[in-house]
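Next comes my_file_6.cif, a file with mmCIF, C-alpha atoms.
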data_protein
#
loop_
_atom_site.label_atom_id
_atom_site.label_comp_id
_atom_site.auth_asym_id
_atom_site.auth_seq_id
_atom_site.Cartn_x
_atom_site.Cartn_y
_atom_site.Cartn_z
CA GLU A 16 0.00 0.00 0.00
CA GLY A 17 2.91 2.37 0.70
CA GLU A 18 4.20 2.16 -2.86
CA LYS A 19 0.69 2.71 -4.22
CA MET A 20 0.30 5.83 -2.03
CA ASP A 21 3.68 7.11 -3.27
CA LEU A 22 2.50 6.65 -6.85
CA ILE A 23 -0.80 8.42 -6.15
CA GLU A 24 1.12 11.34 -4.59
CA GLU A 25 3.46 11.46 -7.60
CA ILE A 26 0.50 11.57 -10.00
CA GLN A 27 -1.26 14.22 -7.87
CA ALA A 28 1.89 16.37 -8.00
CA TYR A 29 2.32 15.90 -11.78
CA PHE A 30 1.56 19.08 -13.75
CA PRO A 31 -0.50 18.23 -16.87
CA PHE A 32 0.92 19.36 -20.21
CA ASN A 33 -2.48 19.77 -21.91
CA GLN A 34 -6.19 19.06 -21.54
CA GLN A 35 -5.78 15.39 -22.46
CA GLU A 36 -3.34 14.93 -19.56
CA GLU A 37 -5.56 16.96 -17.23
CA ARG A 38 -8.59 14.74 -17.88
CA ASP A 39 -6.60 11.51 -17.95
CA LYS A 40 -4.89 12.37 -14.66
CA GLU A 41 -8.34 12.59 -13.03
CA GLN A 42 -9.36 9.24 -14.50
CA ILE A 43 -6.13 7.49 -13.42
CA LEU A 44 -6.43 8.84 -9.86
CA PHE A 45 -10.09 7.75 -9.74
CA ALA A 46 -9.20 4.23 -10.91
CA LEU A 47 -6.32 3.93 -8.41
CA SER A 48 -8.63 4.82 -5.53
CA SER A 49 -11.68 2.87 -6.77
CA PHE A 50 -10.54 -0.36 -8.41
CA LYS A 51 -9.01 -3.38 -6.74
CA ARG A 52 -6.09 -5.12 -8.44
CA VAL A 53 -5.55 -2.31 -10.96
CA PHE A 54 -1.87 -3.32 -11.12
CA PHE A 55 -2.87 -6.76 -12.44
CA ARG A 56 -4.31 -7.95 -15.74
CA ASP A 57 -7.14 -9.79 -14.01
CA ASN A 58 -8.90 -6.47 -13.37
CA LEU A 59 -11.62 -6.59 -16.02
CA PHE A 60 -11.77 -2.87 -16.75
CA ALA A 61 -8.40 -1.22 -16.33
CA HIS A 62 -4.72 -2.08 -15.97
CA MET A 63 -1.80 0.11 -14.87
CA THR A 64 0.83 0.18 -17.61
CA ALA A 65 4.09 2.01 -18.24
CA SER A 66 5.53 3.23 -21.51
CA ALA A 67 9.08 4.17 -22.40
CA TRP A 68 9.79 7.10 -24.73
CA VAL A 69 13.37 6.12 -25.51
CA VAL A 70 15.49 8.83 -27.13
CA ASN A 71 19.10 8.76 -28.30
CA GLU A 72 21.86 10.78 -26.65
CA ASN A 73 21.40 13.69 -29.11
CA LYS A 74 17.66 13.65 -28.34
CA ASP A 75 16.80 13.77 -32.04
CA LYS A 76 15.67 10.14 -32.53
CA VAL A 77 13.25 7.79 -30.80
CA LEU A 78 13.30 4.00 -30.54
CA MET A 79 10.17 2.29 -31.85
CA ALA A 80 9.09 -1.32 -32.16
CA TYR A 81 6.82 -2.79 -34.83
CA HIS A 82 4.04 -4.23 -32.65
CA ASN A 83 2.52 -7.36 -34.16
CA LEU A 84 -0.83 -6.93 -32.37
CA TYR A 85 -1.43 -3.36 -33.59
CA ARG A 86 0.46 -3.71 -36.89
CA SER A 87 2.18 -0.39 -36.30
CA TRP A 88 5.47 1.13 -35.19
CA ALA A 89 4.93 2.21 -31.61
CA TRP A 90 6.63 3.12 -28.35
CA LEU A 91 7.82 0.45 -25.92
CA GLY A 92 6.00 -0.52 -22.75
CA GLY A 93 3.73 -2.94 -21.00
CA HIS A 94 1.69 -4.05 -18.01
CA ALA A 95 2.69 -3.44 -14.40
CA ASP A 96 1.87 -7.10 -13.56
CA GLY A 97 1.84 -6.33 -9.84
CA GLU A 98 4.86 -3.99 -9.80
CA GLN A 99 3.99 -0.54 -8.45
CA ASP A 100 7.26 1.22 -9.36
CA LEU A 101 6.22 2.11 -12.90
CA LEU A 102 9.58 3.64 -13.82
CA GLN A 103 11.07 0.18 -13.27
CA VAL A 104 8.29 -1.33 -15.41
CA ALA A 105 9.12 1.11 -18.25
CA ILE A 106 12.84 0.26 -18.03
CA ARG A 107 12.15 -3.49 -17.91
CA GLU A 108 9.80 -3.32 -20.89
CA ALA A 109 12.20 -1.17 -22.91
CA ARG A 110 14.95 -3.74 -22.36
CA GLU A 111 12.72 -6.76 -23.03
CA GLU A 112 11.16 -5.35 -26.20
CA SER A 113 14.34 -3.90 -27.73
CA GLY A 114 17.18 -6.12 -26.57
CA LEU A 115 18.97 -3.04 -25.20
CA GLN A 116 21.02 -3.57 -22.05
CA LYS A 117 21.69 0.06 -21.14
CA VAL A 118 18.62 2.24 -20.77
CA ARG A 119 18.61 5.10 -18.29
CA PRO A 120 15.93 7.54 -17.14
CA LEU A 121 16.49 11.15 -18.19
CA GLN A 122 14.26 12.17 -15.29
CA ASN A 123 12.94 10.13 -12.39
CA GLY A 124 9.40 11.45 -12.53
CA ILE A 125 6.51 10.91 -14.90
CA TYR A 126 7.13 12.34 -18.38
CA SER A 127 3.54 11.98 -19.57
CA LEU A 128 0.33 10.22 -18.68
CA GLU A 129 -2.57 8.94 -20.71
CA VAL A 130 -5.63 6.69 -20.61
CA LEU A 131 -5.47 4.34 -23.61
CA THR A 132 -8.24 2.17 -25.01
CA VAL A 133 -7.46 -1.41 -25.97
CA ASP A 134 -9.84 -3.19 -28.32
CA GLY A 135 -10.70 -6.83 -27.70
CA HIS A 136 -8.15 -9.18 -29.23
CA ILE A 137 -6.72 -12.70 -29.19
CA LYS A 138 -3.53 -13.17 -27.16
CA TYR A 139 -1.83 -16.57 -26.88
CA GLY A 140 -5.02 -18.20 -28.17
CA ASP A 141 -7.35 -16.57 -25.61
CA TYR A 142 -9.77 -13.71 -26.12
CA VAL A 143 -8.97 -10.55 -24.13
CA SER A 144 -11.97 -8.19 -23.69
CA SER A 145 -11.73 -4.50 -24.51
CA HIS A 146 -10.35 -2.50 -21.58
CA ILE A 147 -8.29 0.58 -20.76
CA HIS A 148 -4.65 1.08 -19.90
CA LEU A 149 -3.91 3.66 -17.21
CA ASN A 150 -0.51 4.58 -18.57
CA LEU A 151 2.45 6.51 -17.21
CA THR A 152 5.20 7.36 -19.69
CA TYR A 153 8.85 7.79 -18.71
CA LEU A 154 11.58 9.53 -20.70
CA LEU A 155 14.54 7.18 -21.14
CA GLU A 156 17.81 7.42 -23.03
CA ALA A 157 19.87 4.79 -24.83
CA ASN A 158 22.88 4.71 -27.13
CA GLU A 159 21.64 4.34 -30.70
CA LYS A 160 24.80 2.36 -31.58
CA GLU A 161 23.91 -0.42 -29.14
CA LYS A 162 22.50 -3.48 -30.91
CA VAL A 163 18.72 -3.85 -30.82
CA SER A 164 16.64 -6.96 -31.44
CA ALA A 165 12.96 -7.82 -31.74
CA LYS A 166 11.01 -9.75 -29.09
CA ALA A 167 9.41 -12.33 -31.40
CA ASP A 168 6.18 -12.88 -29.45
CA GLU A 169 5.41 -9.14 -29.40
CA ASN A 170 7.19 -7.29 -32.18
CA SER A 171 8.87 -7.97 -35.48
CA GLY A 172 11.27 -5.05 -35.59
CA VAL A 173 13.00 -2.42 -33.50
CA ALA A 174 14.55 0.71 -35.02
CA TRP A 175 15.56 4.30 -34.37
CA PHE A 176 13.51 6.98 -36.13
CA SER A 177 13.84 10.72 -36.49
CA PHE A 178 10.78 12.30 -34.87
CA SER A 179 9.12 13.09 -38.21
CA ASP A 180 9.80 9.54 -39.48
CA ALA A 181 8.41 8.07 -36.23
CA LEU A 182 5.15 9.95 -36.76
CA ALA A 183 5.02 8.82 -40.39
CA ALA A 184 5.70 5.18 -39.41
CA SER A 185 2.84 4.99 -36.90
CA THR A 186 -0.37 3.74 -38.52
CA GLU A 187 -2.35 4.35 -35.32
CA CYS A 188 -3.70 7.85 -36.02
CA TRP A 189 -4.91 8.59 -32.50
CA TYR A 190 -1.54 7.69 -30.97
CA ARG A 191 0.36 9.62 -33.64
CA ASP A 192 -1.76 12.76 -33.38
CA ASN A 193 -2.42 12.83 -29.62
CA ILE A 194 0.39 10.96 -27.90
CA TYR A 195 3.56 10.75 -30.00
CA SER A 196 3.19 14.36 -31.23
CA LYS A 197 2.79 15.47 -27.60
CA LEU A 198 5.83 13.49 -26.44
CA ILE A 199 7.94 15.12 -29.15
CA ALA A 200 6.58 18.60 -28.37
CA LYS A 201 7.45 18.13 -24.68
CA LEU A 202 11.12 17.49 -25.48
#

Here is a file; write its structure as structure tokens.
Amino acid sequence: EGEKMDLIEEIQAYFPFNQQEERDKEQILFALSSFKRVFFRDNLFAHMTASAWVVNENKDKVLMAYHNLYRSWAWLGGHADGEQDLLQVAIREAREESGLQKVRPLQNGIYSLEVLTVDGHIKYGDYVSSHIHLNLTYLLEANEKEKVSAKADENSGVAWFSFSDALAASTECWYRDNIYSKLIAKL
């Protein structure tokens, strides 16, 4: 419970960048105080997740993975799966999904937050109902010369993109226009 309270305090202290973050901050705080097991996938309505916006040392490129499920180039990240230190979740997911060994936070706090809808889909042969991800994004840095590799069960490619090329590579319009554009603008 202590870690959860720390996270709630961190989200309460977070200053929203725009109206999307303002509204989503309210929804995330509501879910954290109202739902049981929000850090686990067995919650039927909402799951805490963490995303990694991984930039190179010059801060002019971003690392994206080609996600098999969404058929689009996208940021890295995943479910908390019980972990309440979401910065650690973002770092873990960035490493797992990219093969990178060295990933470091550029800031310890939340870089961005968003409520994301997930349509129903098949995963490992089972149907997963539509739900929402209560997502915190962290700004991480990696060396673009370090070797990257795909995580076969989730993505089929990992690559560095200039910001304009990253936006062009994303086929998920809502993410491109509302999330990735915002993450770039915040840099």

- Query: What does the PyMOL selection byres ((chain A and resi 51-53) around 6) select in this file, as a ChimeraX atom specification?
  - Reply: /A:50,54-55,58,62-63

What lies within 12 Å of stretch 82-87 of chain A using all atoms listed in the file, ignoring chain neighbours under 2 positions off, as an mmCIF file with C-alpha atoms, keeping the file's coordinate frame?
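result.cif, written as the output of this step:
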data_model
loop_
_atom_site.group_PDB
_atom_site.id
_atom_site.type_symbol
_atom_site.label_atom_id
_atom_site.label_comp_id
_atom_site.auth_asym_id
_atom_site.auth_seq_id
_atom_site.Cartn_x
_atom_site.Cartn_y
_atom_site.Cartn_z
ATOM 1 C CA MET A 79 10.170 2.290 -31.850
ATOM 2 C CA ALA A 80 9.090 -1.320 -32.160
ATOM 3 C CA ALA A 89 4.930 2.210 -31.610
ATOM 4 C CA TRP A 90 6.630 3.120 -28.350
ATOM 5 C CA LEU A 91 7.820 0.450 -25.920
ATOM 6 C CA GLY A 92 6.000 -0.520 -22.750
ATOM 7 C CA GLY A 93 3.730 -2.940 -21.000
ATOM 8 C CA GLU A 112 11.160 -5.350 -26.200
ATOM 9 C CA SER A 113 14.340 -3.900 -27.730
ATOM 10 C CA VAL A 133 -7.460 -1.410 -25.970
ATOM 11 C CA ASP A 134 -9.840 -3.190 -28.320
ATOM 12 C CA GLY A 135 -10.700 -6.830 -27.700
ATOM 13 C CA HIS A 136 -8.150 -9.180 -29.230
ATOM 14 C CA ILE A 137 -6.720 -12.700 -29.190
ATOM 15 C CA LYS A 138 -3.530 -13.170 -27.160
ATOM 16 C CA TYR A 139 -1.830 -16.570 -26.880
ATOM 17 C CA ALA A 165 12.960 -7.820 -31.740
ATOM 18 C CA LYS A 166 11.010 -9.750 -29.090
ATOM 19 C CA ALA A 167 9.410 -12.330 -31.400
ATOM 20 C CA ASP A 168 6.180 -12.880 -29.450
ATOM 21 C CA GLU A 169 5.410 -9.140 -29.400
ATOM 22 C CA ASN A 170 7.190 -7.290 -32.180
ATOM 23 C CA SER A 171 8.870 -7.970 -35.480
ATOM 24 C CA GLY A 172 11.270 -5.050 -35.590
ATOM 25 C CA VAL A 173 13.000 -2.420 -33.500
ATOM 26 C CA ALA A 174 14.550 0.710 -35.020
ATOM 27 C CA ALA A 181 8.410 8.070 -36.230
ATOM 28 C CA LEU A 182 5.150 9.950 -36.760
ATOM 29 C CA ALA A 183 5.020 8.820 -40.390
ATOM 30 C CA ALA A 184 5.700 5.180 -39.410
ATOM 31 C CA SER A 185 2.840 4.990 -36.900
ATOM 32 C CA THR A 186 -0.370 3.740 -38.520
ATOM 33 C CA GLU A 187 -2.350 4.350 -35.320
ATOM 34 C CA CYS A 188 -3.700 7.850 -36.020
ATOM 35 C CA TYR A 190 -1.540 7.690 -30.970
ATOM 36 C CA ARG A 191 0.360 9.620 -33.640
#

- Within 12 Å of A:Gln34, counting all atoms listed in the file, which residues qualify if same-chain residues fewer than 4 places away don't, as a list in words?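 These residues fall inside the cut-off: Phe30, Arg38, Asp39, Lys40, Glu41, Leu128, Glu129, Asn193 and Lys197 of chain A.
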
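Going from atom CA of A:Ile147 to atom CA of A:His94 covers 11.3 Å.
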
- Taking into account all atoms listed in the file, which residue in the set A:Asn71, A:Gln116, A:Ser145, A:Ser127 is nearest to A:Ser177? A:Asn71

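For the pair atom CA of A:Tyr126 and atom CA of A:Ala46, the separation is 19.7 Å.
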
- Message: So that I can see what lies close to A:Glu16, please list as a list in words the residues with an atom at most 12 Å from it, counting only C-alpha atoms and leaving out residues fewer than 3 positions away in the same chain.
- Response: Lys19, Met20, Asp21, Leu22, Ile23, Leu47, Ser48, Lys51, Arg52, Phe54, Gly97, Glu98, Gln99 and Asp100 of chain A

- Hey, what's within 12 Å of A:Ser49 if we count only C-alpha atoms and toss same-chain stuff fewer than 6 positions away? As an MDAnalysis selection string, please? chainID A and resid 42:43 58 60:61

- Task: On this file, the PyMOL selection byres ((chain A and resi 163) around 6) gives some set of residues; write that set as a PyMOL selection string.
- Result: chain A and resi 113-115+162+164

For the residues in the current selection, export C-alpha atoms as a compact mmCIF listing (two decimals), in the coordinates of the input.
# COMPACT_ATOMS: atom_id res chain seq x y z
CA SER A 113 14.34 -3.90 -27.73
CA GLY A 114 17.18 -6.12 -26.57
CA LEU A 115 18.97 -3.04 -25.20
CA LYS A 162 22.50 -3.48 -30.91
CA SER A 164 16.64 -6.96 -31.44

- Task: Have a look at atom CA of A:His148 and atom CA of A:Ile199 and let me know their distance in Å, one decimal.
- Result: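 Going from atom CA of A:His148 over to atom CA of A:Ile199, I get 21.0 Å.
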
- Query: Between A:Leu102, A:Ile194, A:Val69, A:Leu202, which has the minimum distance to A:Val130 (counting all atoms listed in the file)?
  - Reply: A:Ile194

Return as lines of an AutoDock Vina configuration file the centre and edge lengths, in Å with one decimal, of the box along x, y and z that encloses every atom of stretch 122-134 of chain A in the file, padded by 4 Å per side.
center_x = 2.2
center_y = 4.6
center_z = -20.4
size_x = 32.1
size_y = 23.5
size_z = 23.9

- Item | Given only C-alpha atoms as the counted atoms, nearest of A:Ser196, A:Thr64, A:Thr152, A:Ser179 to A:Thr132 | A:Thr64

- Using only C-alpha atoms, which residue out of A:Arg56, A:Lys117, A:Arg110, A:His146 lies closest to A:Asn158?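 Answer, going by the shortest atom-to-atom distance: A:Lys117.
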
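The closest residue to A:Lys201, picked from A:Leu101, A:Val77, A:Ile26, A:Leu154 and counting only C-alpha atoms, is A:Leu154.
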
- To verify the selection step, state as a count of residues only which residues the PyMOL selection byres ((chain A and resi 156) around 6) yields on this input. 7

Rebuild stretch 136-147 of chain A to all heavy atoms - output it as a PDB file, in the coordinates of the input, please.
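Writing the result to part.pdb gives the following:
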ATOM      1  N   HIS A 136      -9.083  -8.519 -28.317  1.00  0.00           N
ATOM      2  CA  HIS A 136      -8.150  -9.180 -29.230  1.00  0.00           C
ATOM      3  C   HIS A 136      -7.828 -10.590 -28.721  1.00  0.00           C
ATOM      4  O   HIS A 136      -8.163 -10.939 -27.599  1.00  0.00           O
ATOM      5  CB  HIS A 136      -6.861  -8.366 -29.390  1.00  0.00           C
ATOM      6  CG  HIS A 136      -6.159  -8.108 -28.077  1.00  0.00           C
ATOM      7  ND1 HIS A 136      -6.495  -7.064 -27.247  1.00  0.00           N
ATOM      8  CD2 HIS A 136      -5.149  -8.765 -27.452  1.00  0.00           C
ATOM      9  CE1 HIS A 136      -5.722  -7.095 -26.171  1.00  0.00           C
ATOM     10  NE2 HIS A 136      -4.891  -8.115 -26.264  1.00  0.00           N
ATOM     11  N   ILE A 137      -7.175 -11.363 -29.561  1.00  0.00           N
ATOM     12  CA  ILE A 137      -6.720 -12.700 -29.190  1.00  0.00           C
ATOM     13  C   ILE A 137      -5.257 -12.602 -28.779  1.00  0.00           C
ATOM     14  O   ILE A 137      -4.441 -12.041 -29.515  1.00  0.00           O
ATOM     15  CB  ILE A 137      -6.845 -13.702 -30.371  1.00  0.00           C
ATOM     16  CG1 ILE A 137      -8.287 -13.759 -30.899  1.00  0.00           C
ATOM     17  CG2 ILE A 137      -6.323 -15.080 -29.973  1.00  0.00           C
ATOM     18  CD1 ILE A 137      -9.291 -14.409 -29.982  1.00  0.00           C
ATOM     19  N   LYS A 138      -4.915 -13.129 -27.599  1.00  0.00           N
ATOM     20  CA  LYS A 138      -3.530 -13.170 -27.160  1.00  0.00           C
ATOM     21  C   LYS A 138      -3.235 -14.575 -26.655  1.00  0.00           C
ATOM     22  O   LYS A 138      -3.904 -15.065 -25.759  1.00  0.00           O
ATOM     23  CB  LYS A 138      -3.278 -12.126 -26.063  1.00  0.00           C
ATOM     24  CG  LYS A 138      -1.801 -12.011 -25.708  1.00  0.00           C
ATOM     25  CD  LYS A 138      -1.474 -10.679 -25.076  1.00  0.00           C
ATOM     26  CE  LYS A 138       0.035 -10.566 -24.927  1.00  0.00           C
ATOM     27  NZ  LYS A 138       0.433  -9.289 -24.416  1.00  0.00           N
ATOM     28  N   TYR A 139      -2.211 -15.187 -27.232  1.00  0.00           N
ATOM     29  CA  TYR A 139      -1.830 -16.570 -26.880  1.00  0.00           C
ATOM     30  C   TYR A 139      -3.036 -17.509 -26.943  1.00  0.00           C
ATOM     31  O   TYR A 139      -3.215 -18.374 -26.090  1.00  0.00           O
ATOM     32  CB  TYR A 139      -1.164 -16.632 -25.498  1.00  0.00           C
ATOM     33  CG  TYR A 139       0.011 -15.691 -25.344  1.00  0.00           C
ATOM     34  CD1 TYR A 139       0.026 -14.746 -24.330  1.00  0.00           C
ATOM     35  CD2 TYR A 139       1.091 -15.726 -26.230  1.00  0.00           C
ATOM     36  CE1 TYR A 139       1.106 -13.861 -24.188  1.00  0.00           C
ATOM     37  CE2 TYR A 139       2.164 -14.850 -26.099  1.00  0.00           C
ATOM     38  CZ  TYR A 139       2.162 -13.930 -25.077  1.00  0.00           C
ATOM     39  OH  TYR A 139       3.218 -13.054 -24.951  1.00  0.00           O
ATOM     40  N   GLY A 140      -3.888 -17.312 -27.951  1.00  0.00           N
ATOM     41  CA  GLY A 140      -5.020 -18.200 -28.170  1.00  0.00           C
ATOM     42  C   GLY A 140      -6.257 -17.897 -27.339  1.00  0.00           C
ATOM     43  O   GLY A 140      -7.291 -18.550 -27.508  1.00  0.00           O
ATOM     44  N   ASP A 141      -6.194 -16.922 -26.445  1.00  0.00           N
ATOM     45  CA  ASP A 141      -7.350 -16.570 -25.610  1.00  0.00           C
ATOM     46  C   ASP A 141      -7.852 -15.177 -25.974  1.00  0.00           C
ATOM     47  O   ASP A 141      -7.070 -14.287 -26.315  1.00  0.00           O
ATOM     48  CB  ASP A 141      -6.963 -16.561 -24.118  1.00  0.00           C
ATOM     49  CG  ASP A 141      -6.750 -17.961 -23.563  1.00  0.00           C
ATOM     50  OD1 ASP A 141      -7.442 -18.895 -24.023  1.00  0.00           O
ATOM     51  OD2 ASP A 141      -5.888 -18.111 -22.685  1.00  0.00           O
ATOM     52  N   TYR A 142      -9.177 -15.005 -25.850  1.00  0.00           N
ATOM     53  CA  TYR A 142      -9.770 -13.710 -26.120  1.00  0.00           C
ATOM     54  C   TYR A 142      -9.585 -12.798 -24.909  1.00  0.00           C
ATOM     55  O   TYR A 142      -9.845 -13.197 -23.774  1.00  0.00           O
ATOM     56  CB  TYR A 142     -11.267 -13.835 -26.443  1.00  0.00           C
ATOM     57  CG  TYR A 142     -11.882 -12.502 -26.795  1.00  0.00           C
ATOM     58  CD1 TYR A 142     -11.662 -11.928 -28.051  1.00  0.00           C
ATOM     59  CD2 TYR A 142     -12.631 -11.784 -25.873  1.00  0.00           C
ATOM     60  CE1 TYR A 142     -12.180 -10.694 -28.373  1.00  0.00           C
ATOM     61  CE2 TYR A 142     -13.162 -10.541 -26.185  1.00  0.00           C
ATOM     62  CZ  TYR A 142     -12.938  -9.997 -27.440  1.00  0.00           C
ATOM     63  OH  TYR A 142     -13.449  -8.772 -27.747  1.00  0.00           O
ATOM     64  N   VAL A 143      -9.121 -11.571 -25.162  1.00  0.00           N
ATOM     65  CA  VAL A 143      -8.970 -10.550 -24.130  1.00  0.00           C
ATOM     66  C   VAL A 143     -10.007  -9.466 -24.431  1.00  0.00           C
ATOM     67  O   VAL A 143     -10.001  -8.882 -25.516  1.00  0.00           O
ATOM     68  CB  VAL A 143      -7.543  -9.933 -24.157  1.00  0.00           C
ATOM     69  CG1 VAL A 143      -7.413  -8.822 -23.133  1.00  0.00           C
ATOM     70  CG2 VAL A 143      -6.489 -11.010 -23.954  1.00  0.00           C
ATOM     71  N   SER A 144     -10.919  -9.191 -23.495  1.00  0.00           N
ATOM     72  CA  SER A 144     -11.970  -8.190 -23.690  1.00  0.00           C
ATOM     73  C   SER A 144     -11.389  -6.785 -23.790  1.00  0.00           C
ATOM     74  O   SER A 144     -10.320  -6.501 -23.238  1.00  0.00           O
ATOM     75  CB  SER A 144     -12.961  -8.222 -22.528  1.00  0.00           C
ATOM     76  OG  SER A 144     -13.686  -9.427 -22.540  1.00  0.00           O
ATOM     77  N   SER A 145     -12.133  -5.905 -24.441  1.00  0.00           N
ATOM     78  CA  SER A 145     -11.730  -4.500 -24.510  1.00  0.00           C
ATOM     79  C   SER A 145     -11.599  -3.944 -23.094  1.00  0.00           C
ATOM     80  O   SER A 145     -12.363  -4.307 -22.202  1.00  0.00           O
ATOM     81  CB  SER A 145     -12.788  -3.690 -25.268  1.00  0.00           C
ATOM     82  OG  SER A 145     -12.867  -4.139 -26.603  1.00  0.00           O
ATOM     83  N   HIS A 146     -10.611  -3.082 -22.901  1.00  0.00           N
ATOM     84  CA  HIS A 146     -10.350  -2.500 -21.580  1.00  0.00           C
ATOM     85  C   HIS A 146      -9.514  -1.233 -21.755  1.00  0.00           C
ATOM     86  O   HIS A 146      -9.231  -0.843 -22.880  1.00  0.00           O
ATOM     87  CB  HIS A 146      -9.632  -3.512 -20.669  1.00  0.00           C
ATOM     88  CG  HIS A 146      -8.327  -3.988 -21.202  1.00  0.00           C
ATOM     89  ND1 HIS A 146      -8.225  -4.974 -22.170  1.00  0.00           N
ATOM     90  CD2 HIS A 146      -7.050  -3.618 -20.919  1.00  0.00           C
ATOM     91  CE1 HIS A 146      -6.947  -5.192 -22.449  1.00  0.00           C
ATOM     92  NE2 HIS A 146      -6.210  -4.375 -21.706  1.00  0.00           N
ATOM     93  N   ILE A 147      -9.141  -0.598 -20.649  1.00  0.00           N
ATOM     94  CA  ILE A 147      -8.290   0.580 -20.760  1.00  0.00           C
ATOM     95  C   ILE A 147      -6.964   0.360 -20.038  1.00  0.00           C
ATOM     96  O   ILE A 147      -6.876  -0.436 -19.100  1.00  0.00           O
ATOM     97  CB  ILE A 147      -8.966   1.878 -20.259  1.00  0.00           C
ATOM     98  CG1 ILE A 147      -9.351   1.782 -18.792  1.00  0.00           C
ATOM     99  CG2 ILE A 147     -10.148   2.249 -21.116  1.00  0.00           C
ATOM    100  CD1 ILE A 147      -9.831   3.109 -18.223  1.00  0.00           C
TER     101      ILE A 147
END
